[in-house]
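As stored in target-v4.txt (compact mmCIF, C-alpha atoms):
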# COMPACT_ATOMS: atom_id res chain seq x y z
CA MET A 1 0.00 0.00 0.00
CA PRO A 2 1.41 3.41 -0.95
CA ASP A 3 2.17 6.07 1.61
CA PRO A 4 -0.83 8.24 2.50
CA ILE A 5 -1.25 11.51 0.64
CA ARG A 6 0.09 14.30 2.85
CA VAL A 7 -2.43 17.14 2.76
CA ALA A 8 -2.37 20.75 3.91
CA VAL A 9 -5.54 22.84 4.14
CA LEU A 10 -5.39 26.62 3.89
CA THR A 11 -8.40 28.84 4.54
CA SER A 12 -8.24 32.27 2.92
CA SER A 13 -10.65 34.56 4.77
CA ASP A 14 -10.24 37.99 6.32
CA ARG A 15 -13.05 37.35 8.82
CA ALA A 16 -11.92 33.86 9.87
CA ALA A 17 -8.31 35.05 10.20
CA ALA A 18 -9.49 37.92 12.42
CA GLY A 19 -11.56 35.57 14.58
CA ILE A 20 -14.85 37.24 13.61
CA TYR A 21 -16.25 33.81 12.82
CA ALA A 22 -15.05 30.24 13.00
CA ASP A 23 -13.62 28.62 9.89
CA LYS A 24 -16.05 25.93 8.73
CA SER A 25 -14.66 25.18 5.27
CA GLY A 26 -11.21 24.05 6.37
CA PRO A 27 -12.54 21.52 8.91
CA ALA A 28 -15.17 20.28 6.41
CA LEU A 29 -12.44 19.63 3.85
CA GLN A 30 -10.31 17.84 6.43
CA THR A 31 -13.21 15.54 7.29
CA LEU A 32 -13.89 14.79 3.62
CA VAL A 33 -10.21 14.09 2.91
CA ARG A 34 -9.90 11.70 5.84
CA ARG A 35 -13.10 9.91 4.81
CA THR A 36 -12.41 9.52 1.09
CA LEU A 37 -8.67 9.39 0.46
CA PRO A 38 -5.72 7.43 1.73
CA ALA A 39 -4.48 10.67 3.28
CA LYS A 40 -3.38 12.41 6.42
CA ILE A 41 -3.71 16.11 7.25
CA VAL A 42 -0.21 17.37 8.03
CA ALA A 43 -0.78 21.15 8.17
CA THR A 44 -3.57 23.72 8.41
CA ALA A 45 -3.65 27.48 8.44
CA ILE A 46 -6.06 30.40 8.25
CA LEU A 47 -4.82 33.52 6.50
CA PRO A 48 -6.45 36.80 5.52
CA ASP A 49 -7.21 37.46 1.86
CA ASP A 50 -3.68 38.75 1.28
CA HIS A 51 -1.90 37.90 -1.96
CA ALA A 52 1.63 37.99 -0.51
CA LYS A 53 0.75 35.95 2.61
CA ILE A 54 -1.08 33.29 0.61
CA ALA A 55 1.74 32.99 -1.93
CA ALA A 56 4.35 32.80 0.84
CA GLN A 57 2.45 30.03 2.68
CA LEU A 58 2.05 28.03 -0.52
CA CYS A 59 5.79 28.28 -1.18
CA VAL A 60 6.71 27.24 2.37
CA TRP A 61 4.44 24.20 2.21
CA ALA A 62 5.25 23.16 -1.37
CA ASP A 63 8.99 23.71 -1.06
CA GLY A 64 9.29 21.91 2.27
CA GLY A 65 8.97 18.48 0.68
CA GLU A 66 6.48 17.24 3.28
CA ILE A 67 3.18 18.00 1.50
CA ASP A 68 1.73 16.32 -1.58
CA LEU A 69 -1.54 18.25 -1.85
CA ILE A 70 -2.53 21.75 -0.76
CA LEU A 71 -6.24 22.56 -0.65
CA ILE A 72 -7.11 26.25 -0.43
CA THR A 73 -10.65 27.26 0.43
CA GLY A 74 -11.85 30.80 -0.20
CA GLY A 75 -10.88 33.80 -2.26
CA THR A 76 -11.84 32.46 -5.69
CA GLY A 77 -14.76 34.74 -6.50
CA PHE A 78 -15.31 38.22 -7.86
CA THR A 79 -15.01 40.40 -4.75
CA PRO A 80 -12.09 42.83 -4.64
CA SER A 81 -10.49 40.87 -1.78
CA ASP A 82 -10.57 37.53 -3.68
CA VAL A 83 -6.89 36.99 -4.57
CA THR A 84 -6.36 33.24 -4.15
CA PRO A 85 -6.12 32.47 -7.90
CA GLU A 86 -3.57 35.24 -8.43
CA ALA A 87 -1.45 34.08 -5.48
CA THR A 88 -1.64 30.50 -6.74
CA ARG A 89 -0.66 31.45 -10.30
CA GLU A 90 2.31 33.36 -8.93
CA VAL A 91 3.77 30.25 -7.28
CA ILE A 92 2.82 27.32 -9.51
CA GLU A 93 5.18 26.06 -12.19
CA LYS A 94 2.56 24.14 -14.19
CA GLU A 95 -1.18 24.63 -14.38
CA ALA A 96 -3.57 21.68 -14.05
CA PRO A 97 -6.57 23.22 -15.81
CA GLY A 98 -8.51 19.97 -16.14
CA LEU A 99 -9.10 19.85 -12.40
CA ALA A 100 -10.55 23.37 -12.26
CA GLU A 101 -12.57 22.76 -15.45
CA ALA A 102 -14.04 19.55 -14.02
CA MET A 103 -15.04 21.29 -10.79
CA ARG A 104 -16.69 24.20 -12.62
CA ALA A 105 -18.52 21.86 -15.03
CA ALA A 106 -19.90 19.73 -12.20
CA SER A 107 -20.84 22.80 -10.16
CA LEU A 108 -22.74 24.28 -13.08
CA ARG A 109 -25.22 21.41 -12.73
CA ILE A 110 -25.91 22.71 -9.21
CA THR A 111 -25.79 26.50 -9.64
CA PRO A 112 -25.22 28.99 -12.46
CA HIS A 113 -22.95 30.88 -10.06
CA ALA A 114 -20.30 28.20 -10.64
CA MET A 115 -19.25 30.06 -13.78
CA LEU A 116 -18.09 32.88 -11.50
CA SER A 117 -15.41 30.67 -9.93
CA ARG A 118 -11.88 31.73 -10.82
CA ALA A 119 -10.31 28.68 -9.14
CA VAL A 120 -6.84 27.65 -10.31
CA CYS A 121 -5.10 24.31 -9.88
CA GLY A 122 -1.46 23.64 -10.52
CA ILE A 123 1.83 22.12 -9.49
CA ARG A 124 4.80 23.57 -7.65
CA GLY A 125 7.67 21.16 -7.40
CA LEU A 126 6.06 17.86 -6.40
CA THR A 127 3.01 19.45 -4.75
CA LEU A 128 -0.44 19.78 -6.28
CA ILE A 129 -2.29 22.98 -5.29
CA VAL A 130 -6.08 23.14 -5.64
CA ASN A 131 -8.27 26.23 -5.18
CA LEU A 132 -11.76 25.59 -3.79
CA PRO A 133 -14.73 27.85 -3.01
CA GLY A 134 -15.06 29.40 0.43
CA SER A 135 -18.43 27.90 1.33
CA PRO A 136 -18.13 24.58 3.18
CA ILE A 137 -20.77 22.94 1.00
CA ALA A 138 -19.33 24.21 -2.28
CA ALA A 139 -15.75 23.43 -1.23
CA CYS A 140 -16.67 19.83 -0.46
CA GLU A 141 -18.82 19.43 -3.58
CA ASN A 142 -15.93 20.65 -5.73
CA LEU A 143 -13.35 18.47 -4.00
CA GLN A 144 -15.58 15.40 -4.41
CA VAL A 145 -15.50 15.93 -8.17
CA ILE A 146 -11.71 15.58 -8.38
CA ILE A 147 -11.11 13.06 -5.58
CA PRO A 148 -11.14 10.08 -7.98
CA ALA A 149 -8.16 11.56 -9.87
CA LEU A 150 -6.10 12.74 -6.90
CA PRO A 151 -4.41 9.47 -5.88
CA HIS A 152 -3.16 8.93 -9.43
CA ALA A 153 -2.07 12.57 -9.74
CA ILE A 154 -0.05 12.31 -6.53
CA ALA A 155 1.45 8.97 -7.61
CA LEU A 156 2.63 10.60 -10.84
CA LEU A 157 4.16 13.52 -8.94
CA ARG A 158 5.91 11.08 -6.62
CA GLY A 159 7.31 9.24 -9.64
CA ASP A 160 5.44 6.06 -8.76
CA PRO A 161 4.60 3.76 -11.67
CA PRO A 162 1.29 4.62 -13.35
CA GLY A 163 -1.53 2.67 -11.79
CA ALA A 164 0.26 2.28 -8.44
CA VAL A 165 -2.36 4.46 -6.78
CA GLY A 166 -5.97 4.80 -7.93
CA HIS A 167 -7.22 3.57 -11.26
CA ALA A 168 -7.18 6.55 -13.62
CA HIS A 169 -5.07 6.46 -16.76
CA THR A 170 -3.40 9.45 -18.32
CA ALA A 171 -3.87 10.20 -21.99

Go ahead and express the file in the form of structure tokens.
Amino acid sequence: MPDPIRVAVLTSSDRAAAGIYADKSGPALQTLVRRTLPAKIVATAILPDDHAKIAAQLCVWADGGEIDLILITGGTGFTPSDVTPEATREVIEKEAPGLAEAMRAASLRITPHAMLSRAVCGIRGLTLIVNLPGSPIAACENLQVIIPALPHAIALLRGDPPGAVGHAHTA
């Protein structure tokens, strides 16, 4: 059995970072990850909607060599403070557009507002970074769409033989 996927969860929210309300999306994602993936949560953080702070945290986690998958909840919409996609684009070396496209396509079956998502997914080093909506329900719905592909994606990043984890095949 392969090593568990090492996951970090970052919540991007001015109000949660200030303690105005409790973060619900981060814990919801952690529960879903533990329930559906061969994974362990190795880091969590709550940051304000600040481009530089988000980018810096992504770099620390991705460059540390201890995290396979970073899930970021929040900051993917149209409000002026939504900067998660820009911070993510700044640090990734390769985009993984199929993941974001799949999430938006599935979400469109639920709400027309899904087309307003600016979520970005990509790779820095050997770490996959995935942007998710800020709502706990939407974050989990979006993550559930891509969960079937994540074990194989992580196996590929780890250099494991194709098919060693999961059952997806690359084209």

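For the residues A:Thr36, A:Ser25, A:Thr84, A:Asn142, ranking by smallest atom-to-atom distance to Ala106 of chain A using all atoms listed in the file places A:Asn142 first.
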
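Using only C-alpha atoms, the shortest contact distance between Asp49 of chain A and any of A:Ile72, A:Ile123, A:Ala138, A:Ile5 is found at A:Ile72.
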
Checklist entry - Given the choices A:Ala62, A:Thr31, A:Leu10, A:Tyr21, which gets closest to Thr44 of chain A if the distance is worked out from only C-alpha atoms? => result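 Selected residue with least distance to Thr44 of chain A: A:Leu10.
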
Item to check | Polymer residues at most 8 Å from Gly75 of chain A, only C-alpha atoms, same-chain spacing of 2 or more positions, as a VMD selection string | outcome: chain A and resid 12 to 13 49 73 77 81 to 85 133 to 134

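The closest residue to Val130 of chain A, picked from A:Val60, A:Val33, A:Ile70, A:Ala43 and counting all atoms listed in the file, is A:Ile70.
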
Next on the checklist: Counting all atoms listed in the file, which residue out of A:Ile137, A:Ala45, A:Ala153, A:Ala87 sits closest to Ser107 of chain A?
Outcome noted: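 Of A:Ile137, A:Ala45, A:Ala153, A:Ala87, the one nearest Ser107 of chain A, counting all atoms listed in the file, is A:Ile137.
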
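For the choices A:Leu126, A:Ser135, A:Ala52, A:Arg6, the atom-to-atom distance to Asp23 of chain A is smallest for A:Ser135 when using all atoms listed in the file.
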
Item to check | Polymer residues at most 12 Å from Leu32 of chain A, only C-alpha atoms, same-chain spacing of 5 or more positions, as a PyMOL selection string | outcome: chain A and resi 7+9+25-27+37-41+71+136-137+139-145+147

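Across the structure, atom CA of Ala155 of chain A and atom CA of Arg34 of chain A are spaced 17.8 Å apart.
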